[in-house]
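S.K.: Pasting input.cif below, which is mmCIF, C-alpha atoms.
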```cif
data_input
loop_
_atom_site.group_PDB
_atom_site.id
_atom_site.type_symbol
_atom_site.label_atom_id
_atom_site.label_comp_id
_atom_site.auth_asym_id
_atom_site.auth_seq_id
_atom_site.Cartn_x
_atom_site.Cartn_y
_atom_site.Cartn_z
ATOM 1 C CA MET A 1 0.000 0.000 0.000
ATOM 2 C CA LEU A 2 1.067 3.565 -0.597
ATOM 3 C CA ASP A 3 1.072 5.319 2.758
ATOM 4 C CA ASP A 4 2.460 8.599 4.037
ATOM 5 C CA ALA A 5 5.948 8.581 5.512
ATOM 6 C CA PRO A 6 6.567 10.127 8.944
ATOM 7 C CA PRO A 7 8.099 13.623 8.602
ATOM 8 C CA ALA A 8 11.490 12.542 9.990
ATOM 9 C CA LYS A 9 11.796 9.736 7.469
ATOM 10 C CA LEU A 10 10.407 11.909 4.716
ATOM 11 C CA ALA A 11 13.242 14.362 5.226
ATOM 12 C CA ALA A 12 15.904 11.711 5.620
ATOM 13 C CA ARG A 13 15.727 9.881 2.301
ATOM 14 C CA ALA A 14 15.605 10.523 -1.414
ATOM 15 C CA LYS A 15 14.659 7.551 -3.514
ATOM 16 C CA TRP A 16 13.033 6.824 -6.869
ATOM 17 C CA THR A 17 11.527 3.387 -7.443
ATOM 18 C CA TYR A 18 10.044 2.212 -10.751
ATOM 19 C CA TRP A 19 8.076 -0.915 -11.567
ATOM 20 C CA ARG A 20 5.952 -2.252 -14.397
ATOM 21 C CA PRO A 21 2.534 -3.465 -13.292
ATOM 22 C CA GLU A 22 0.588 -5.942 -15.356
ATOM 23 C CA ALA A 23 -1.982 -3.277 -16.119
ATOM 24 C CA GLU A 24 -3.334 -2.424 -19.536
ATOM 25 C CA GLY A 25 -2.806 1.214 -20.450
ATOM 26 C CA VAL A 26 -0.037 1.856 -17.888
ATOM 27 C CA VAL A 27 3.579 1.705 -19.066
ATOM 28 C CA GLU A 28 5.058 1.909 -15.583
ATOM 29 C CA LEU A 29 4.568 3.323 -12.117
ATOM 30 C CA GLY A 30 7.051 5.087 -9.899
ATOM 31 C CA THR A 31 7.285 6.322 -6.334
ATOM 32 C CA LEU A 32 9.444 9.136 -5.040
ATOM 33 C CA HIS A 33 10.426 9.840 -1.416
ATOM 34 C CA GLY A 34 12.830 12.497 -0.205
ATOM 35 C CA ARG A 35 14.222 16.005 -0.404
ATOM 36 C CA ASP A 36 16.882 15.862 -3.112
ATOM 37 C CA VAL A 37 14.302 15.426 -5.866
ATOM 38 C CA GLY A 38 15.413 18.099 -8.335
ATOM 39 C CA LEU A 39 15.939 16.871 -11.907
ATOM 40 C CA PRO A 40 17.269 18.805 -14.927
ATOM 41 C CA THR A 41 15.087 19.571 -17.933
ATOM 42 C CA HIS A 42 13.900 16.427 -19.701
ATOM 43 C CA PHE A 43 10.757 14.960 -21.242
ATOM 44 C CA HIS A 44 9.032 11.586 -21.508
ATOM 45 C CA ASP A 45 7.596 9.733 -24.489
ATOM 46 C CA GLU A 46 4.570 9.005 -22.313
ATOM 47 C CA HIS A 47 2.225 11.227 -20.338
ATOM 48 C CA GLN A 48 3.378 11.548 -16.724
ATOM 49 C CA ILE A 49 0.665 11.652 -14.065
ATOM 50 C CA THR A 50 1.962 12.764 -10.669
ATOM 51 C CA PHE A 51 -0.032 12.635 -7.435
ATOM 52 C CA VAL A 52 1.454 13.986 -4.198
ATOM 53 C CA LEU A 53 0.803 11.895 -1.091
ATOM 54 C CA ALA A 54 2.780 14.022 1.382
ATOM 55 C CA GLY A 55 4.863 17.182 1.242
ATOM 56 C CA ARG A 56 5.165 19.281 -1.896
ATOM 57 C CA ARG A 57 6.305 18.775 -5.520
ATOM 58 C CA ARG A 58 7.160 21.523 -8.017
ATOM 59 C CA PHE A 59 7.802 21.306 -11.741
ATOM 60 C CA VAL A 60 9.112 24.035 -14.034
ATOM 61 C CA MET A 61 7.536 24.007 -17.507
ATOM 62 C CA GLY A 62 8.326 26.875 -19.846
ATOM 63 C CA ASP A 63 7.928 30.103 -17.924
ATOM 64 C CA GLY A 64 5.573 28.631 -15.340
ATOM 65 C CA ILE A 65 5.718 26.472 -12.218
ATOM 66 C CA VAL A 66 3.305 23.652 -11.389
ATOM 67 C CA ASP A 67 3.116 23.622 -7.584
ATOM 68 C CA LEU A 68 1.461 20.551 -6.049
ATOM 69 C CA ALA A 69 0.609 20.101 -2.371
ATOM 70 C CA ALA A 70 -0.414 16.856 -0.653
ATOM 71 C CA GLY A 71 -3.641 15.555 -2.182
ATOM 72 C CA GLN A 72 -3.042 17.284 -5.518
ATOM 73 C CA GLY A 73 -1.890 15.966 -8.876
ATOM 74 C CA ALA A 74 -1.169 16.963 -12.449
ATOM 75 C CA LEU A 75 -0.599 15.523 -15.901
ATOM 76 C CA ILE A 76 2.605 16.460 -17.728
ATOM 77 C CA PRO A 77 1.959 15.807 -21.435
ATOM 78 C CA ALA A 78 4.232 13.528 -23.423
ATOM 79 C CA GLY A 79 7.064 15.370 -25.115
ATOM 80 C CA VAL A 80 6.801 18.474 -22.916
ATOM 81 C CA PRO A 81 10.159 19.523 -21.400
ATOM 82 C CA HIS A 82 10.103 20.025 -17.646
ATOM 83 C CA SER A 83 12.429 20.090 -14.677
ATOM 84 C CA SER A 84 11.739 19.577 -10.986
ATOM 85 C CA VAL A 85 12.787 21.424 -7.861
ATOM 86 C CA ALA A 86 14.416 20.070 -4.706
ATOM 87 C CA GLU A 87 12.066 20.069 -1.720
ATOM 88 C CA PRO A 88 13.771 20.974 1.614
ATOM 89 C CA ASN A 89 10.864 19.547 3.621
ATOM 90 C CA GLY A 90 10.576 16.376 1.572
ATOM 91 C CA VAL A 91 7.908 14.816 -0.625
ATOM 92 C CA VAL A 92 6.208 11.487 -1.210
ATOM 93 C CA CYS A 93 4.524 11.131 -4.567
ATOM 94 C CA LEU A 94 3.309 8.529 -7.004
ATOM 95 C CA ASN A 95 3.936 8.752 -10.745
ATOM 96 C CA ALA A 96 2.281 6.877 -13.589
ATOM 97 C CA TYR A 97 3.620 6.873 -17.140
ATOM 98 C CA VAL A 98 0.834 6.192 -19.613
ATOM 99 C CA PRO A 99 0.484 6.188 -23.414
ATOM 100 C CA ALA A 100 -0.039 9.590 -24.986
ATOM 101 C CA GLY A 101 -3.700 10.305 -25.630
ATOM 102 C CA ALA A 102 -6.686 12.083 -24.098
ATOM 103 C CA TYR A 103 -7.626 11.656 -20.447
ATOM 104 C CA ALA A 104 -10.336 13.207 -18.289
ATOM 105 C CA VAL A 105 -7.639 14.659 -16.066
ATOM 106 C CA THR A 106 -9.768 16.718 -13.671
ATOM 107 C CA ALA A 107 -12.153 13.839 -12.958
ATOM 108 C CA MET A 108 -9.256 11.384 -12.705
ATOM 109 C CA LEU A 109 -7.368 13.423 -10.117
ATOM 110 C CA ALA A 110 -10.565 14.097 -8.159
ATOM 111 C CA GLU A 111 -11.235 10.341 -7.962
ATOM 112 C CA ILE A 112 -7.670 9.625 -6.819
ATOM 113 C CA ALA A 113 -7.952 12.363 -4.161
ATOM 114 C CA ARG A 114 -11.305 10.962 -2.966
ATOM 115 C CA LEU A 115 -9.843 7.478 -2.570
ATOM 116 C CA ARG A 116 -6.798 8.893 -0.835
ATOM 117 C CA ARG A 117 -8.904 10.769 1.733
ATOM 118 C CA SER A 118 -10.878 7.690 2.677
ATOM 119 C CA ARG A 119 -7.993 5.206 2.993
ATOM 120 C CA GLU A 120 -4.644 4.170 1.641
ATOM 121 C CA ILE A 121 -4.642 3.740 -2.121
ATOM 122 C CA SER A 122 -2.882 0.819 -3.777
ATOM 123 C CA ALA A 123 -0.923 0.963 -7.012
ATOM 124 C CA HIS A 124 -3.518 -1.357 -8.571
ATOM 125 C CA GLU A 125 -6.298 1.101 -7.733
ATOM 126 C CA PHE A 126 -4.225 4.019 -9.011
ATOM 127 C CA ALA A 127 -3.750 2.260 -12.351
ATOM 128 C CA ALA A 128 -7.437 1.323 -12.525
ATOM 129 C CA VAL A 129 -8.555 4.939 -12.036
ATOM 130 C CA ILE A 130 -6.222 6.072 -14.814
ATOM 131 C CA ARG A 131 -7.558 3.450 -17.219
ATOM 132 C CA ALA A 132 -11.140 4.382 -16.385
ATOM 133 C CA HIS A 133 -10.496 8.002 -17.354
ATOM 134 C CA ARG A 134 -8.673 7.360 -20.624
ATOM 135 C CA GLU A 135 -10.753 8.829 -23.459
ATOM 136 C CA THR A 136 -8.859 8.414 -26.745
ATOM 137 C CA ASP A 137 -5.584 7.116 -28.066
ATOM 138 C CA GLY A 138 -3.023 9.444 -29.578
ATOM 139 C CA LEU A 139 0.448 9.474 -31.032
ATOM 140 C CA LEU A 140 3.299 11.592 -29.759
ATOM 141 C CA ALA A 141 4.759 13.927 -32.364
ATOM 142 C CA HIS A 142 8.145 15.354 -31.470
ATOM 143 C CA PRO A 143 8.388 19.126 -32.036
ATOM 144 C CA ALA A 144 11.214 18.881 -34.573
ATOM 145 C CA PRO A 145 13.115 16.343 -36.692
ATOM 146 C CA LEU A 146 15.379 14.922 -33.989
ATOM 147 C CA HIS A 147 13.570 11.614 -33.655
ATOM 148 C CA ASP A 148 16.564 9.417 -34.507
ATOM 149 C CA HIS A 149 17.806 9.359 -30.885
ATOM 150 C CA GLY A 150 20.733 11.641 -31.632
ATOM 151 C CA ARG A 151 22.428 9.687 -34.413
ATOM 152 C CA GLU A 152 22.872 12.809 -36.558
ATOM 153 C CA THR A 153 24.725 15.925 -35.512
ATOM 154 C CA VAL A 154 22.830 19.182 -35.117
ATOM 155 C CA GLY A 155 24.924 20.665 -37.932
ATOM 156 C CA THR A 156 23.919 17.859 -40.300
ATOM 157 C CA ILE A 157 20.222 18.295 -39.527
ATOM 158 C CA ALA A 158 20.481 22.082 -39.924
ATOM 159 C CA ALA A 159 22.202 21.701 -43.305
ATOM 160 C CA ARG A 160 19.527 19.273 -44.500
ATOM 161 C CA MET A 161 16.898 21.891 -43.648
ATOM 162 C CA GLY A 162 18.848 24.635 -45.428
ATOM 163 C CA MET A 163 19.616 26.491 -42.208
ATOM 164 C CA SER A 164 22.714 27.515 -40.320
ATOM 165 C CA ARG A 165 23.517 25.589 -37.164
ATOM 166 C CA GLU A 166 22.869 28.685 -35.033
ATOM 167 C CA GLY A 167 19.596 29.505 -36.776
ATOM 168 C CA PHE A 168 18.340 25.954 -36.450
ATOM 169 C CA SER A 169 19.309 25.835 -32.773
ATOM 170 C CA ARG A 170 17.418 29.055 -32.027
ATOM 171 C CA MET A 171 14.327 27.866 -33.915
ATOM 172 C CA PHE A 172 14.419 24.468 -32.219
ATOM 173 C CA SER A 173 14.803 25.949 -28.733
ATOM 174 C CA ARG A 174 11.818 28.255 -29.301
ATOM 175 C CA ARG A 175 9.624 25.402 -30.513
ATOM 176 C CA SER A 176 10.628 22.688 -28.077
ATOM 177 C CA GLY A 177 11.806 24.522 -24.964
ATOM 178 C CA MET A 178 15.156 22.723 -25.065
ATOM 179 C CA PRO A 179 18.383 23.194 -27.035
ATOM 180 C CA PRO A 180 18.903 20.545 -29.741
ATOM 181 C CA HIS A 181 21.733 18.734 -27.950
ATOM 182 C CA ALA A 182 19.731 18.507 -24.714
ATOM 183 C CA PHE A 183 16.697 17.238 -26.631
ATOM 184 C CA GLN A 184 18.794 14.611 -28.394
ATOM 185 C CA LEU A 185 20.250 13.431 -25.094
ATOM 186 C CA ALA A 186 16.812 13.167 -23.490
ATOM 187 C CA SER A 187 15.512 11.328 -26.557
ATOM 188 C CA ARG A 188 18.373 8.816 -26.357
ATOM 189 C CA LEU A 189 17.713 8.258 -22.657
ATOM 190 C CA ASN A 190 13.988 7.784 -23.245
ATOM 191 C CA HIS A 191 14.883 5.180 -25.858
ATOM 192 C CA ALA A 192 17.141 3.579 -23.249
ATOM 193 C CA ARG A 193 14.180 3.346 -20.856
ATOM 194 C CA ARG A 194 12.215 1.410 -23.467
ATOM 195 C CA LEU A 195 15.112 -0.978 -24.106
ATOM 196 C CA LEU A 196 15.683 -1.561 -20.386
ATOM 197 C CA ARG A 197 11.974 -2.244 -19.863
ATOM 198 C CA ALA A 198 12.224 -4.821 -22.660
ATOM 199 C CA GLY A 199 15.012 -6.576 -20.749
ATOM 200 C CA ASP A 200 18.069 -5.578 -22.802
ATOM 201 C CA THR A 201 21.376 -5.613 -20.933
ATOM 202 C CA ILE A 202 22.828 -2.343 -19.702
ATOM 203 C CA ALA A 203 25.912 -2.763 -21.884
ATOM 204 C CA ALA A 204 23.784 -3.318 -24.984
ATOM 205 C CA VAL A 205 21.555 -0.352 -24.197
ATOM 206 C CA ALA A 206 24.548 1.934 -23.648
ATOM 207 C CA ALA A 207 25.948 0.924 -27.045
ATOM 208 C CA ASP A 208 22.593 1.102 -28.844
ATOM 209 C CA THR A 209 21.937 4.621 -27.574
ATOM 210 C CA GLY A 210 25.361 5.983 -28.471
ATOM 211 C CA PHE A 211 27.108 6.327 -25.105
ATOM 212 C CA THR A 212 30.850 5.765 -24.871
ATOM 213 C CA ASP A 213 30.548 3.206 -22.065
ATOM 214 C CA GLN A 214 28.260 1.959 -19.299
ATOM 215 C CA SER A 215 29.639 4.460 -16.791
ATOM 216 C CA HIS A 216 28.919 7.428 -19.080
ATOM 217 C CA PHE A 217 25.438 6.071 -19.764
ATOM 218 C CA GLY A 218 24.767 5.414 -16.081
ATOM 219 C CA ARG A 219 25.738 8.924 -15.000
ATOM 220 C CA TRP A 220 23.360 10.577 -17.464
ATOM 221 C CA PHE A 221 20.529 8.119 -16.822
ATOM 222 C CA ARG A 222 20.654 8.697 -13.074
ATOM 223 C CA ARG A 223 20.914 12.463 -13.522
ATOM 224 C CA LEU A 224 17.715 12.638 -15.585
ATOM 225 C CA PHE A 225 15.653 9.898 -13.946
ATOM 226 C CA GLY A 226 16.978 9.690 -10.384
ATOM 227 C CA VAL A 227 17.861 5.997 -10.465
ATOM 228 C CA THR A 228 20.623 3.842 -11.916
ATOM 229 C CA PRO A 229 19.956 1.832 -15.113
ATOM 230 C CA GLY A 230 20.400 -1.385 -13.122
ATOM 231 C CA ARG A 231 17.722 -0.545 -10.558
ATOM 232 C CA TYR A 232 15.423 0.753 -13.286
ATOM 233 C CA ARG A 233 15.837 -2.419 -15.337
ATOM 234 C CA LEU A 234 14.828 -4.598 -12.375
ATOM 235 C CA GLY A 235 11.507 -2.755 -12.248
#
```
Would you put the structure from the file into structure tokens?
M.R.:
Amino acid sequence: MLDDAPPAKLAARAKWTYWRPEAEGVVELGTLHGRDVGLPTHFHDEHQITFVLAGRRRFVMGDGIVDLAAGQGALIPAGVPHSSVAEPNGVVCLNAYVPAGAYAVTAMLAEIARLRRSREISAHEFAAVIRAHRETDGLLAHPAPLHDHGRETVGTIAARMGMSREGFSRMFSRRSGMPPHAFQLASRLNHARRLLRAGDTIAAVAADTGFTDQSHFGRWFRRLFGVTPGRYRLG
């Protein structure tokens, strides 16, 4: 069951845990406990649904901040760059990563909050509420032609589009909210998540996604997702 942590423990730990439930329409679930929960700008190929169980969670998206208190949640759309802020007083929250598409978000979060007020909510129930509020399927369209997981250089892509490297980089940053190199890195790491979920070895994933070695891959993976590739792969 997903219960609140006592304040002392809440402030004393910082831990991401991911797992893949056998639930249709849910790619994976994750829990987060702790204070050192800031992550640099990244995005996901899936929608991220976050619900705060205790403490506070803040995300920076564009020029705005999504500020969530205990009992509140939000949906971060697939492909939308965002970062998160460290929380000095700690946070406990539950994340779900679900296929891109349309969801009745307001009703979904209200149902999760209602269940949470009455008793502890299980991961199975969390997934069931999400499925019940899924309205339509949809496909994620990246905001610019960098969908090859970083195999081409930014200069090559710019030249193919008849633009200078600098001009392309400015245009891309305006459209996507991230510089091209940062977007490519996040895209490669999202691809790595899919390969790890499929059971590929860490060494193979590092090579397939263009990292120089497992150590280089592991450092970037943990920086963006808060957990090592090995722990993520175990799910």
S.K.: Please expand the PyMOL selection byres ((chain A and resi 83) around 6) into the concrete residues it hits in this file, giving the result as a compact mmCIF listing (two decimals) with C-alpha atoms, in the frame of the given file.
M.R.:
```
# COMPACT_ATOMS: atom_id res chain seq x y z
CA LEU A 39 15.94 16.87 -11.91
CA PRO A 40 17.27 18.80 -14.93
CA THR A 41 15.09 19.57 -17.93
CA PHE A 59 7.80 21.31 -11.74
CA VAL A 60 9.11 24.04 -14.03
CA HIS A 82 10.10 20.02 -17.65
CA SER A 84 11.74 19.58 -10.99
```
S.K.: So, with all atoms listed in the file as the atoms that count, which of A:Val80, A:Met61, A:Leu32, A:Leu53 lies closest to A:Arg119?
M.R.: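 Using all atoms listed in the file, the shortest distance to A:Arg119 belongs to A:Leu53.
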S.K.: Any chance you could work out the residue set of the PyMOL selection byres ((chain A and resi 52) around 8) here, as a ChimeraX atom specification?
M.R.: /A:50-51,53-57,68-73,91-94
S.K.: For a test of reading the model, state the distance in Å between atom CA of A:Tyr103 and atom CA of A:Ile130, rounded to one decimal.
M.R.: 8.1 Å
S.K.: With a distance cut-off of 7 Å and all atoms listed in the file, select the neighbouring residues of A:Val129, excluding the residue or stretch itself and same-chain residues fewer than 4 positions from it, and output the selection as a list in words.
M.R.: Met108, Glu125 and His133 of chain A
S.K.: Would you mind exporting the chosen residues as a JSON list (two decimals), keeping the file's coordinate frame, restricted to C-alpha atoms?
M.R.:
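Contents of result.json, as written:
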```json
[["chain", "number", "residue", "atom", "x", "y", "z"],
["A", 108, "MET", "CA", -9.26, 11.38, -12.70],
["A", 125, "GLU", "CA", -6.30, 1.10, -7.73],
["A", 133, "HIS", "CA", -10.50, 8.00, -17.35]]
```
S.K.: Given the choices A:His44, A:His33, A:His191, A:Arg134, which gets closest to A:Gly101 if the distance is worked out from all atoms listed in the file?
M.R.: A:Arg134
S.K.: For stretch 200-203 of chain A, find every residue with an atom within 9 Å (counting all atoms listed in the file), except residues of its own chain fewer than 6 positions away, and show them as a VMD selection string.
M.R.: chain A and resid 192 213 to 214 217 to 218 229 to 230 233
S.K.: If the PyMOL selection byres ((chain A and resi 75) around 9) is run on the structure shown, which residues does it catch, given as a ChimeraX atom specification?
M.R.: /A:47-51,73-74,76-77,105
S.K.: Once you have the residues from the selection above, write them out as a PDB file, keeping the file's coordinate frame, restricted to C-alpha atoms.
M.R.:
```pdb
ATOM      1  CA  HIS A  47       2.225  11.227 -20.338  1.00  0.00           C
ATOM      2  CA  GLN A  48       3.378  11.548 -16.724  1.00  0.00           C
ATOM      3  CA  ILE A  49       0.665  11.652 -14.065  1.00  0.00           C
ATOM      4  CA  THR A  50       1.962  12.764 -10.669  1.00  0.00           C
ATOM      5  CA  PHE A  51      -0.032  12.635  -7.435  1.00  0.00           C
ATOM      6  CA  GLY A  73      -1.890  15.966  -8.876  1.00  0.00           C
ATOM      7  CA  ALA A  74      -1.169  16.963 -12.449  1.00  0.00           C
ATOM      8  CA  ILE A  76       2.605  16.460 -17.728  1.00  0.00           C
ATOM      9  CA  PRO A  77       1.959  15.807 -21.435  1.00  0.00           C
ATOM     10  CA  VAL A 105      -7.639  14.659 -16.066  1.00  0.00           C
TER      11      VAL A 105
END
```
S.K.: Between atom CA of A:Asn95 and atom CA of A:Gly30, measure the distance and give it in Å to one decimal.
M.R.: 4.9 Å
S.K.: Just give me the gap between atom CA of A:Tyr18 and atom CA of A:Asp45 in Å, one decimal is fine.
M.R.: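 Computed distance, atom CA of A:Tyr18 to atom CA of A:Asp45, equals 15.9 Å.
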S.K.: Using only C-alpha atoms, find the one residue out of A:Leu29, A:Leu234, A:Val85, A:Ala23 that sits nearest to A:Arg197.
M.R.: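 For A:Arg197, the nearest of the candidates is A:Leu234.
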S.K.: Hey, what's within 10 Å of A:Arg116 if we count all atoms listed in the file and toss same-chain stuff fewer than 2 positions away? As number ranges by chain, please?
M.R.: A: 2-3, 53, 71, 110-114, 118-122, 126
S.K.: Please determine the residues with any atom at most 12 Å from (20.0, 18.7, -21.5) (coordinates as given in the file, with all atoms listed in the file counting) and report them as a count of residues only.
M.R.: 26
S.K.: Rank nothing, just name the residue among A:Arg222, A:Arg20, A:Arg35, A:Lys15 nearest to A:Ala198, using all atoms listed in the file.
M.R.: A:Arg20
S.K.: Give the answer as one residue: which of A:Gly210, A:Ala204, A:Thr153, A:Ser176 has the shortest atom-to-atom distance to A:Gly62, using only C-alpha atoms?
M.R.: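 Smallest distance to A:Gly62 is found for A:Ser176.
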